[in-house]
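Text of model_15.cif (mmCIF, C-alpha atoms and all ligand atoms) as supplied:
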```cif
data_entry
loop_
_atom_site.label_atom_id
_atom_site.label_comp_id
_atom_site.auth_asym_id
_atom_site.auth_seq_id
_atom_site.Cartn_x
_atom_site.Cartn_y
_atom_site.Cartn_z
CA MET A 28 177.89 161.40 -31.09
CA ASN A 29 174.29 161.53 -29.82
CA PRO A 30 172.74 165.00 -29.62
CA VAL A 31 172.40 166.27 -26.06
CA LEU A 32 168.81 166.74 -24.98
CA SER A 33 167.64 169.14 -22.31
CA GLU A 34 166.86 167.10 -19.23
CA LYS A 35 165.68 170.24 -17.44
CA ARG A 36 163.22 171.21 -20.19
CA LEU A 37 161.79 167.70 -20.41
CA LEU A 38 161.29 167.31 -16.66
CA ALA A 39 159.82 170.83 -16.41
CA ARG A 40 157.31 169.99 -19.16
CA LEU A 41 156.32 166.78 -17.36
CA GLU A 42 155.77 168.85 -14.24
CA SER A 43 153.63 171.42 -16.12
CA ALA A 44 151.53 168.62 -17.64
CA ARG A 45 151.04 167.07 -14.19
CA MET A 46 149.44 170.34 -13.04
CA ILE A 47 146.66 170.13 -15.65
CA GLY A 48 143.61 168.19 -14.52
CA GLY A 49 144.62 167.54 -10.90
CA ASP A 50 141.70 165.78 -9.23
CA PRO A 51 140.77 166.95 -5.71
CA ALA A 52 140.25 163.26 -4.86
CA GLY A 53 143.82 162.45 -5.98
CA GLY A 54 145.65 161.83 -9.24
CA ILE A 55 144.86 163.42 -12.58
CA THR A 56 141.49 163.30 -14.34
CA ARG A 57 141.83 164.47 -17.94
CA PRO A 58 139.45 162.46 -20.13
CA PHE A 59 138.87 163.33 -23.77
CA GLY A 60 136.37 166.19 -24.09
CA SER A 61 137.00 167.59 -20.58
CA VAL A 62 138.11 171.15 -19.84
CA ALA A 63 141.46 169.81 -18.58
CA GLU A 64 142.07 167.81 -21.72
CA ARG A 65 141.34 170.86 -23.88
CA GLU A 66 143.77 172.82 -21.75
CA ILE A 67 146.61 170.33 -22.11
CA ARG A 68 146.10 170.14 -25.87
CA GLN A 69 146.40 173.94 -26.10
CA TRP A 70 149.43 173.89 -23.82
CA PHE A 71 151.09 171.21 -25.95
CA LEU A 72 150.48 173.15 -29.19
CA ALA A 73 151.97 176.27 -27.62
CA GLU A 74 155.05 174.34 -26.43
CA ALA A 75 155.54 172.76 -29.85
CA GLU A 76 155.20 176.11 -31.62
CA ALA A 77 157.61 177.75 -29.20
CA ALA A 78 160.00 174.92 -30.08
CA GLY A 79 159.79 176.00 -33.71
CA LEU A 80 157.66 173.08 -34.89
CA ARG A 81 154.74 173.48 -37.30
CA THR A 82 151.49 172.34 -35.75
CA ARG A 83 148.32 171.08 -37.35
CA LEU A 84 145.26 169.02 -36.41
CA ASP A 85 143.91 166.18 -38.51
CA GLY A 86 140.39 164.86 -39.13
CA ALA A 87 140.30 163.19 -35.69
CA GLY A 88 141.79 166.08 -33.76
CA ASN A 89 145.15 164.30 -33.44
CA LEU A 90 147.88 166.90 -32.88
CA TRP A 91 150.87 166.92 -35.22
CA ALA A 92 154.00 168.97 -34.52
CA LEU A 93 156.19 168.81 -37.60
CA PHE A 94 159.90 169.30 -38.19
CA PRO A 95 159.95 169.44 -42.00
CA GLY A 96 162.50 167.28 -43.76
CA ALA A 97 163.71 166.93 -47.32
CA GLU A 98 160.54 164.99 -48.12
CA GLU A 99 156.93 165.15 -47.02
CA ASN A 100 156.85 161.52 -45.88
CA ILE A 101 156.48 161.51 -42.13
CA LEU A 102 158.10 159.48 -39.36
CA ALA A 103 156.25 160.15 -36.11
CA ALA A 104 156.81 159.54 -32.42
CA GLY A 105 154.27 160.23 -29.71
CA SER A 106 151.49 159.01 -27.48
CA HIS A 107 148.43 160.57 -25.78
CA LEU A 108 147.67 163.34 -23.29
CA ASP A 109 144.30 162.22 -21.90
CA THR A 110 144.15 160.17 -18.71
CA VAL A 111 141.88 157.74 -16.93
CA SER A 112 139.99 159.03 -13.91
CA GLN A 113 142.46 159.78 -11.07
CA GLY A 114 145.31 158.48 -13.19
CA GLY A 115 149.03 159.11 -13.03
CA ALA A 116 151.24 161.74 -14.61
CA TYR A 117 153.10 159.46 -17.03
CA ASP A 118 150.66 157.19 -18.87
CA GLY A 119 150.57 158.95 -22.26
CA ALA A 120 152.09 162.31 -21.31
CA LEU A 121 155.54 160.77 -20.84
CA GLY A 122 155.65 159.44 -24.41
CA ALA A 123 154.23 162.62 -25.95
CA LEU A 124 156.74 164.84 -24.13
CA MET A 125 159.70 162.52 -24.71
CA ALA A 126 158.86 162.68 -28.42
CA LEU A 127 158.68 166.47 -28.30
CA GLU A 128 162.04 166.59 -26.55
CA ALA A 129 163.64 164.23 -29.07
CA VAL A 130 162.39 166.12 -32.15
CA GLU A 131 163.22 169.52 -30.65
CA THR A 132 166.72 168.29 -29.77
CA LEU A 133 167.35 167.06 -33.31
CA LYS A 134 166.14 170.39 -34.69
CA ASP A 135 168.19 172.49 -32.27
CA THR A 136 171.37 170.56 -32.97
CA GLY A 137 171.10 171.43 -36.65
CA TYR A 138 170.06 168.01 -37.88
CA HIS A 139 168.57 168.03 -41.40
CA PRO A 140 166.07 165.19 -41.58
CA GLN A 141 165.35 163.24 -44.70
CA HIS A 142 161.75 162.55 -43.68
CA THR A 143 159.53 165.07 -41.97
CA LEU A 144 159.78 164.19 -38.29
CA ALA A 145 156.60 164.59 -36.26
CA VAL A 146 155.40 164.49 -32.70
CA LEU A 147 151.99 162.87 -32.84
CA VAL A 148 149.52 163.24 -29.96
CA LEU A 149 146.58 160.94 -30.45
CA THR A 150 143.10 162.01 -29.37
CA GLY A 151 141.25 160.15 -26.60
CA GLU A 152 143.32 157.01 -26.03
CA GLU A 153 141.67 156.12 -22.73
CA PRO A 154 138.05 155.03 -22.25
CA ASN A 155 135.84 158.13 -22.07
CA ALA A 156 132.25 159.27 -21.74
CA PHE A 157 131.61 158.28 -25.36
CA ARG A 158 132.83 154.71 -24.67
CA LEU A 159 135.38 155.09 -27.47
CA SER A 160 138.94 154.36 -26.39
CA THR A 161 141.89 154.80 -28.82
CA LEU A 162 139.56 157.14 -30.69
CA GLY A 163 142.18 159.21 -32.52
CA SER A 164 144.28 156.26 -33.67
CA ARG A 165 141.28 154.24 -34.80
CA LEU A 166 139.95 157.17 -36.83
CA LEU A 167 143.40 157.97 -38.20
CA THR A 168 143.94 154.42 -39.43
CA GLY A 169 140.38 153.83 -40.67
CA MET A 170 139.62 151.15 -38.05
CA LEU A 171 136.66 153.42 -37.27
CA SER A 172 135.21 155.86 -39.79
CA LEU A 173 133.90 159.31 -39.01
CA ASP A 174 130.48 158.04 -40.17
CA ASP A 175 130.63 155.13 -37.70
CA ILE A 176 130.68 157.55 -34.77
CA ARG A 177 128.41 160.28 -36.19
CA ASP A 178 125.49 159.44 -33.85
CA ILE A 179 127.44 158.51 -30.71
CA THR A 180 126.81 160.67 -27.64
CA ASP A 181 127.69 160.57 -23.97
CA ASP A 182 124.91 159.93 -21.41
CA SER A 183 123.92 163.61 -21.48
CA GLY A 184 123.43 163.62 -25.25
CA TYR A 185 126.66 165.52 -26.06
CA SER A 186 127.86 164.16 -29.37
CA VAL A 187 131.36 162.89 -30.02
CA TRP A 188 131.40 164.79 -33.31
CA GLN A 189 130.76 167.99 -31.40
CA ALA A 190 133.48 167.14 -28.89
CA LEU A 191 135.90 166.47 -31.76
CA ALA A 192 134.92 169.70 -33.52
CA GLU A 193 135.46 171.65 -30.29
CA ALA A 194 138.89 170.01 -29.96
CA GLY A 195 139.73 171.35 -33.43
CA ALA A 196 139.30 168.19 -35.50
CA THR A 197 138.58 168.94 -39.14
CA LEU A 198 136.23 165.90 -39.29
CA ASN A 199 137.33 165.49 -42.89
CA SER A 200 138.35 162.00 -43.99
CA HIS A 201 140.92 163.55 -46.31
CA ASP A 202 142.82 164.61 -43.21
CA LEU A 203 143.36 160.99 -42.15
CA LEU A 204 145.37 158.03 -43.49
CA PRO A 205 146.07 157.25 -46.28
CA HIS A 206 145.99 160.95 -47.22
CA ILE A 207 148.60 161.81 -44.57
CA PRO A 208 151.97 160.42 -45.79
CA LEU A 209 152.85 158.65 -42.53
CA LYS A 210 155.61 156.07 -43.01
CA GLY A 211 156.26 154.92 -39.48
CA PHE A 212 155.30 155.43 -35.83
CA VAL A 213 157.07 154.81 -32.54
CA GLU A 214 155.38 155.15 -29.15
CA PRO A 215 157.51 155.63 -26.05
CA HIS A 216 155.46 154.70 -22.98
CA ILE A 217 155.82 154.00 -19.31
CA GLU A 218 155.81 150.21 -18.86
CA GLN A 219 152.93 150.34 -16.34
CA GLY A 220 153.72 146.90 -14.87
CA PRO A 221 156.46 145.62 -12.53
CA ARG A 222 158.51 143.51 -14.97
CA LEU A 223 161.36 145.95 -15.73
CA LYS A 224 161.57 146.91 -12.06
CA GLU A 225 161.85 143.23 -11.15
CA MET A 226 164.54 142.68 -13.81
CA GLY A 227 166.48 145.76 -12.73
CA GLN A 228 166.40 147.11 -16.30
CA PRO A 229 165.34 150.63 -17.35
CA LEU A 230 164.16 150.09 -20.95
CA ALA A 231 162.55 147.48 -23.16
CA VAL A 232 161.35 147.05 -26.71
CA VAL A 233 157.77 145.88 -27.17
CA THR A 234 157.29 142.78 -29.33
CA ARG A 235 153.49 142.65 -29.45
CA ILE A 236 150.52 144.44 -27.92
CA THR A 237 147.86 142.36 -26.21
CA GLY A 238 144.51 141.64 -27.79
CA ILE A 239 141.52 142.91 -25.82
CA VAL A 240 137.93 141.65 -25.82
CA ARG A 241 135.22 143.49 -23.90
CA HIS A 242 131.67 142.22 -23.43
CA ARG A 243 128.88 144.25 -21.87
CA ILE A 244 126.63 141.75 -20.14
CA VAL A 245 123.21 142.49 -18.64
CA ILE A 246 121.66 140.15 -16.07
CA GLN A 247 117.91 140.62 -15.87
CA GLY A 248 116.08 139.52 -12.73
CA GLU A 249 113.04 140.98 -10.99
CA ALA A 250 112.67 143.79 -8.46
CA ASN A 251 110.59 142.91 -5.41
CA HIS A 252 110.31 143.57 -1.69
CA ALA A 253 113.53 142.76 0.20
CA GLY A 254 111.71 141.39 3.26
CA THR A 255 108.49 139.79 2.08
CA THR A 256 109.66 137.91 -1.01
CA PRO A 257 110.44 134.26 -0.10
CA TRP A 258 114.12 133.42 -0.65
CA LEU A 259 113.43 130.61 -3.11
CA GLN A 260 111.09 132.78 -5.19
CA ARG A 261 113.57 135.56 -5.83
CA ARG A 262 115.16 136.40 -9.17
CA ASP A 263 117.97 138.43 -7.66
CA ALA A 264 120.36 139.82 -10.29
CA VAL A 265 123.17 140.47 -7.76
CA GLN A 266 123.11 136.88 -6.47
CA GLY A 267 123.41 135.74 -10.08
CA PHE A 268 126.22 138.22 -10.69
CA ALA A 269 128.14 136.91 -7.65
CA GLN A 270 128.12 133.39 -9.11
CA ILE A 271 128.96 134.64 -12.61
CA VAL A 272 131.91 136.69 -11.37
CA ALA A 273 133.20 133.75 -9.28
CA ALA A 274 133.15 131.61 -12.44
CA PHE A 275 135.18 134.32 -14.17
CA LYS A 276 137.89 134.15 -11.52
CA ALA A 277 138.02 130.34 -11.76
CA LEU A 278 138.48 130.54 -15.53
CA ILE A 279 141.33 133.08 -15.25
CA ASP A 280 143.00 131.00 -12.54
CA GLY A 281 143.12 128.12 -15.01
CA HIS A 282 144.96 130.14 -17.68
CA LEU A 283 147.21 132.44 -15.68
CA ASP A 284 150.21 132.19 -18.01
CA GLN A 285 148.16 133.05 -21.11
CA LEU A 286 145.60 135.66 -20.25
CA THR A 287 144.20 138.05 -17.72
CA GLY A 288 140.83 139.63 -17.19
CA THR A 289 138.92 142.25 -15.22
CA VAL A 290 135.39 143.10 -14.26
CA GLY A 291 135.96 146.80 -13.65
CA TYR A 292 132.55 148.27 -14.43
CA VAL A 293 129.41 147.20 -12.60
CA ARG A 294 126.03 148.88 -12.26
CA VAL A 295 123.20 147.60 -10.11
CA TYR A 296 119.57 148.64 -10.55
CA PRO A 297 117.62 149.97 -8.78
CA ASN A 298 120.49 150.01 -6.26
CA ALA A 299 118.39 150.42 -3.14
CA VAL A 300 118.82 148.72 0.24
CA ASN A 301 115.30 147.30 0.50
CA ILE A 302 114.62 146.25 -3.09
CA ILE A 303 115.78 142.97 -4.60
CA PRO A 304 118.11 144.01 -7.47
CA SER A 305 116.38 143.64 -10.82
CA THR A 306 119.37 144.23 -13.07
CA VAL A 307 123.15 144.09 -13.10
CA GLU A 308 125.05 145.52 -16.01
CA PHE A 309 128.77 144.80 -16.12
CA ILE A 310 131.67 144.88 -18.53
CA VAL A 311 134.02 141.94 -18.59
CA GLU A 312 137.40 142.42 -20.21
CA TRP A 313 139.83 139.73 -21.41
CA ARG A 314 143.42 140.34 -22.49
CA SER A 315 145.89 137.97 -24.14
CA PRO A 316 148.69 138.34 -26.69
CA ASP A 317 147.36 135.06 -28.16
CA GLN A 318 144.23 135.44 -30.31
CA THR A 319 143.28 131.75 -30.10
CA VAL A 320 143.30 131.80 -26.29
CA LEU A 321 141.40 135.08 -26.23
CA THR A 322 138.58 133.80 -28.43
CA ALA A 323 138.37 130.34 -26.84
CA VAL A 324 138.26 131.54 -23.24
CA SER A 325 135.90 134.48 -23.76
CA GLU A 326 133.44 132.24 -25.65
CA GLU A 327 133.74 129.48 -23.01
CA TYR A 328 132.87 132.09 -20.40
CA TRP A 329 129.86 133.28 -22.35
CA ASP A 330 128.52 129.68 -22.45
CA MET A 331 129.01 129.42 -18.67
CA VAL A 332 127.24 132.75 -18.05
CA GLN A 333 124.22 131.65 -20.09
CA GLN A 334 124.01 128.33 -18.22
CA LEU A 335 124.24 130.02 -14.82
CA GLY A 336 121.57 132.53 -15.87
CA ASN A 337 119.23 129.73 -16.98
CA GLN A 338 119.69 127.85 -13.70
CA ARG A 339 118.56 130.95 -11.77
CA GLY A 340 115.80 132.06 -14.13
CA LEU A 341 117.70 135.21 -15.05
CA GLY A 342 117.74 136.79 -18.49
CA ILE A 343 121.25 137.29 -19.92
CA THR A 344 122.20 139.46 -22.89
CA ARG A 345 125.61 140.35 -24.27
CA GLN A 346 127.00 143.08 -26.48
CA VAL A 347 130.53 142.77 -27.84
CA ILE A 348 131.92 146.27 -27.33
CA LEU A 349 135.55 145.60 -28.25
CA ASN A 350 137.27 142.80 -30.12
CA GLN A 351 140.80 143.95 -30.77
CA ALA A 352 143.30 141.43 -32.10
CA PRO A 353 146.85 141.26 -30.69
CA SER A 354 149.16 143.51 -32.66
CA PRO A 355 152.78 142.52 -33.41
CA MET A 356 155.29 145.36 -33.65
CA ASP A 357 157.38 145.81 -36.80
CA ALA A 358 160.50 143.60 -36.72
CA THR A 359 162.88 146.18 -38.28
CA THR A 360 161.72 148.90 -35.91
CA GLN A 361 162.21 146.53 -32.95
CA ARG A 362 165.72 145.68 -34.11
CA LEU A 363 166.70 149.31 -34.45
CA LEU A 364 165.30 150.18 -31.01
CA GLN A 365 167.25 147.24 -29.55
CA GLN A 366 170.45 148.47 -31.18
CA MET A 367 169.92 151.94 -29.71
CA ILE A 368 169.36 150.45 -26.24
CA ALA A 369 172.48 148.29 -26.61
CA SER A 370 174.51 151.34 -27.65
CA GLU A 371 173.80 152.76 -24.16
CA GLY A 372 175.47 149.63 -22.74
CA LEU A 373 172.12 148.15 -21.70
CA GLU A 374 170.58 144.76 -22.24
CA PRO A 375 167.95 145.03 -25.00
CA ILE A 376 164.99 143.49 -23.19
CA ALA A 377 161.95 142.43 -25.25
CA LEU A 378 158.51 142.48 -23.62
CA GLU A 379 154.90 141.93 -24.65
CA SER A 380 152.58 144.77 -23.70
CA TRP A 381 149.57 143.81 -21.60
CA ALA A 382 148.29 147.38 -21.81
CA GLY A 383 146.49 148.60 -24.92
CA HIS A 384 148.09 151.43 -26.89
CA ASP A 385 147.42 153.57 -29.96
CA ALA A 386 150.45 151.82 -31.47
CA ALA A 387 148.29 148.67 -31.81
CA HIS A 388 146.18 150.44 -34.45
CA LEU A 389 149.02 152.32 -36.15
CA ALA A 390 150.83 148.98 -36.52
CA ARG A 391 148.09 147.72 -38.83
CA LYS A 392 148.94 150.48 -41.34
CA VAL A 393 152.59 151.56 -40.95
CA PRO A 394 155.79 150.05 -39.46
CA THR A 395 155.35 150.68 -35.74
CA GLY A 396 157.40 150.12 -32.61
CA MET A 397 157.20 150.83 -28.89
CA LEU A 398 159.81 151.69 -26.31
CA PHE A 399 158.99 150.93 -22.67
CA ILE A 400 160.41 152.97 -19.79
CA ARG A 401 160.55 151.27 -16.37
CA SER A 402 157.77 152.23 -13.95
CA ASN A 403 157.16 151.59 -10.28
CA GLY A 404 154.63 148.93 -11.26
CA LYS A 405 151.57 151.12 -10.65
CA SER A 406 149.43 152.69 -13.35
CA HIS A 407 145.87 153.88 -13.94
CA CYS A 408 146.13 155.20 -10.38
CA SER A 409 147.68 158.20 -8.68
CA ASP A 410 150.68 156.22 -7.38
CA GLU A 411 152.11 155.76 -10.88
CA ASP A 412 155.75 156.85 -10.92
CA CYS A 413 158.80 156.85 -13.15
CA ASP A 414 162.40 157.64 -12.36
CA ALA A 415 163.88 160.84 -13.88
CA GLN A 416 167.08 158.98 -14.80
CA ASP A 417 165.10 156.38 -16.74
CA ILE A 418 163.14 159.11 -18.51
CA VAL A 419 166.33 160.81 -19.61
CA LEU A 420 167.90 157.53 -20.71
CA GLY A 421 164.76 156.61 -22.68
CA SER A 422 164.71 160.03 -24.32
CA ARG A 423 168.34 159.68 -25.35
CA VAL A 424 167.58 156.31 -26.91
CA LEU A 425 164.52 157.75 -28.64
CA THR A 426 166.47 160.70 -30.07
CA ALA A 427 169.23 158.45 -31.40
CA PHE A 428 166.60 156.06 -32.76
CA LEU A 429 164.75 158.83 -34.64
CA ARG A 430 167.92 160.00 -36.30
CA GLN A 431 168.95 156.51 -37.29
CA TRP A 432 165.41 155.61 -38.42
CA ASP A 433 165.27 158.73 -40.57
CA GLN A 434 168.57 157.83 -42.22
CA MET A 435 167.72 154.29 -43.08
CA VAL A 436 165.49 153.73 -46.05
CA LEU A 437 162.43 152.03 -44.54
CA GLY A 438 162.24 148.42 -45.54
CA ARG A 439 166.03 148.04 -45.80
CA ARG A 440 168.44 147.08 -43.10
CA PRO A 441 169.50 149.82 -40.68
CA SER A 442 172.76 151.50 -41.61
CA CYS A 443 174.15 151.31 -38.08
C1 LIG A 501 145.06 151.48 -21.88
O1 LIG A 501 145.33 152.32 -21.10
C2 LIG A 501 144.64 150.16 -21.48
O2 LIG A 501 143.48 150.01 -21.08
O3 LIG A 501 145.48 149.26 -21.49
MN MN A 502 146.23 154.05 -19.91
MN MN A 503 148.74 155.02 -22.34
#
```
Translate the structure of the given file into structure tokens.
Amino acid sequence: MNPVLSEKRLLARLESARMIGGDPAGGITRPFGSVAEREIRQWFLAEAEAAGLRTRLDGAGNLWALFPGAEENILAAGSHLDTVSQGGAYDGALGALMALEAVETLKDTGYHPQHTLAVLVLTGEEPNAFRLSTLGSRLLTGMLSLDDIRDITDDSGYSVWQALAEAGATLNSHDLLPHIPLKGFVEPHIEQGPRLKEMGQPLAVVTRITGIVRHRIVIQGEANHAGTTPWLQRRDAVQGFAQIVAAFKALIDGHLDQLTGTVGYVRVYPNAVNIIPSTVEFIVEWRSPDQTVLTAVSEEYWDMVQQLGNQRGLGITRQVILNQAPSPMDATTQRLLQQMIASEGLEPIALESWAGHDAAHLARKVPTGMLFIRSNGKSHCSDEDCDAQDIVLGSRVLTAFLRQWDQMVLGRRPSC
């Protein structure tokens, strides 16, 4: 029989988390390093300790809440507690609090785990002022080293090392993998897209997490008087940008089944009504679960951008700020999650994730899986929503999964 979790406690915790970082303009703004993010980290540690779990912070400030087992080897479940600007209440927090509920339930029902079970809250998953998304998982897994980020600051000169130290990170590489005996990770997460809603299904198992490429491109023209400069003598960076962004849309339209892309960050200089824009800085992002498509299309675009720049006499430079390969989820972990979904009488749906997750990095080091919970199809905005019934169902599946995962010797077939 599956242990009975406390629906009331889980929903009350989600409500408490929602209250931290409310943005007067709408939604929740809780980026890494902010007062609100510090507050939710403290709140989470207090909740975990009150639940009887042992808490500790690692070299990257990731929060661990441990339910000690017969051995030190750890199986962890969790997600993140930071948010995008004016984000929703579920992206990250849902997975972290579902994991807390699952581990607490197993503990309270007298389960004696073989492995140490952990709730893992990863530091700074979302883009932040330091331009370092999935910070905690990349540091934990060695995709980034503490030395790599030593000199990185936000625009005001505040260093990421200082922000990590203030969050309680030990900044010691011996408090990261492989020194932490982590043997597996599962991330429950709101689906964030409309696919489960459209299928009428509450849960899915993730097969692979999209690859993401981000290029920061600067278009350099020339500032001049907005009235007196003859039209044909202008080197207007915004006019160039308009053509470059139209070419981006045309390229995406030609590959709709294989990739998607966004220009979500644009800055114009000097940004004045009566000065021809000298400079446009923008970040173009490509996503695809297929590495070959991702590389081919993003490089084709870069060739087009350079040609368009040349035609208009504009200088073009590029900096690759992210090049993250698609990340397949562990096959055994997927199978076990599917079995747990099926044992609730549900169809075990398999989906690719078009959102990035910390699980993409963990998967490169330990067997990793993801469980999706149906959303209303909105995310990274204040309208994000998730049904309480689906949350409870997902938590039940997660709890049963953790118990079963703990009992099977990793690398062998599940015993169920
Ligand atoms: C993570 O939130 C992403 O950008 O997909
Ligand atoms: Mn997100
Ligand atoms: Mn997330």
> Do you know which residues are within 8 Å of ligand MN 502 (chain A) using only C-alpha atoms and all ligand atoms? Can you write them as number ranges by chain?
Replying inline: A: 110-111, 118-119, 152-153, 382-384, 406-407
>> So, with all atoms listed in the file as the atoms that count, which of A:Pro205, A:Gly291, A:Pro353, A:Pro257 lies closest to Gly238 (chain A)?
In response: A:Pro353
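Going from CA of Gly267 (chain A) to atom O2 of ligand LIG 501 (chain A) covers 27.0 Å.
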> Within 12 Å of ligand MN 503 (chain A), counting only C-alpha atoms and all ligand atoms, which protein or nucleic acid residues do you find, written as a PyMOL selection string?
Replying inline: chain A and resi 105-111+114-123+148-154+160-161+214-219+380-387+397+399+406-407+411
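Computed from the coordinates, the CA of Ala273 (chain A) to CA of Ala253 (chain A) distance equals 23.6 Å.
What separates CA of Gly396 (chain A) from CA of Ala103 (chain A) is a distance of 10.7 Å.
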Centre and edge lengths of an axis-aligned box around all listed atoms of ligand LIG 501 (chain A), with 3 Å added on each side, are to be given in Å to one decimal, as JSON.
```
{"center_x": 144.5, "center_y": 150.8, "center_z": -21.5, "size_x": 8.0, "size_y": 9.1, "size_z": 6.8}
```
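Using all atoms listed in the file, the nearest neighbour of Thr306 (chain A) within the list A:Gln333, A:Ser164, A:Thr344, A:Ser33 is A:Thr344.
Nearest residue to Thr197 (chain A) among A:Asn89, A:Thr289, A:Ser61, A:Thr395 is A:Asn89, counting only C-alpha atoms.
Distance cut-off 9 Å, centre (134.9, 157.7, -34.0), atoms counted all atoms listed in the file; the residues meeting this are Ala87, Leu159, Leu162, Gly163, Arg165, Leu166, Leu171, Ser172, Leu173, Asp174, Asp175, Ile176, Arg177, Ile179, Val187 and Trp188 of chain A.
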Restricting the output to C-alpha atoms, write the selected residues as a PDB file, keeping the file's coordinate frame.
```
ATOM      1  CA  ALA A  87     140.300 163.190 -35.690  1.00  0.00           C
ATOM      2  CA  LEU A 159     135.380 155.090 -27.470  1.00  0.00           C
ATOM      3  CA  LEU A 162     139.560 157.140 -30.690  1.00  0.00           C
ATOM      4  CA  GLY A 163     142.180 159.210 -32.520  1.00  0.00           C
ATOM      5  CA  ARG A 165     141.280 154.240 -34.800  1.00  0.00           C
ATOM      6  CA  LEU A 166     139.950 157.170 -36.830  1.00  0.00           C
ATOM      7  CA  LEU A 171     136.660 153.420 -37.270  1.00  0.00           C
ATOM      8  CA  SER A 172     135.210 155.860 -39.790  1.00  0.00           C
ATOM      9  CA  LEU A 173     133.900 159.310 -39.010  1.00  0.00           C
ATOM     10  CA  ASP A 174     130.480 158.040 -40.170  1.00  0.00           C
ATOM     11  CA  ASP A 175     130.630 155.130 -37.700  1.00  0.00           C
ATOM     12  CA  ILE A 176     130.680 157.550 -34.770  1.00  0.00           C
ATOM     13  CA  ARG A 177     128.410 160.280 -36.190  1.00  0.00           C
ATOM     14  CA  ILE A 179     127.440 158.510 -30.710  1.00  0.00           C
ATOM     15  CA  VAL A 187     131.360 162.890 -30.020  1.00  0.00           C
ATOM     16  CA  TRP A 188     131.400 164.790 -33.310  1.00  0.00           C
TER      17      TRP A 188
END
```
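Using all atoms listed in the file, the smallest distance between any of A:Glu249, A:Ile101, A:Asp284, A:Gly96 and His139 (chain A) comes from A:Gly96.
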Report as a PDB file with C-alpha atoms, in the coordinates of the input all protein, DNA and RNA residues lying within 12 Å of Gly372 (chain A), evaluated on all atoms listed in the file, omitting residues in the same chain fewer than 4 positions from it.
```
ATOM      1  CA  GLN A 228     166.400 147.110 -16.300  1.00  0.00           C
ATOM      2  CA  PRO A 229     165.340 150.630 -17.350  1.00  0.00           C
ATOM      3  CA  LEU A 230     164.160 150.090 -20.950  1.00  0.00           C
ATOM      4  CA  GLN A 365     167.250 147.240 -29.550  1.00  0.00           C
ATOM      5  CA  GLN A 366     170.450 148.470 -31.180  1.00  0.00           C
ATOM      6  CA  MET A 367     169.920 151.940 -29.710  1.00  0.00           C
ATOM      7  CA  ILE A 368     169.360 150.450 -26.240  1.00  0.00           C
ATOM      8  CA  LEU A 420     167.900 157.530 -20.710  1.00  0.00           C
ATOM      9  CA  VAL A 424     167.580 156.310 -26.910  1.00  0.00           C
TER      10      VAL A 424
END
```
> Can you list, as a list in words, every protein, DNA or RNA residue that comes within 8 Å of region 316-332 of chain A when you count only C-alpha atoms, leaving out same-chain residues fewer than 5 positions away?
Replying inline: Arg235, Ile236, Thr237, Gly238, Ile239, Val240, Ile271, Ala274, Phe275, Leu278, Gln285, Leu286, Ile343, Ala352, Pro353, Ser354, Glu379 and Trp381 of chain A
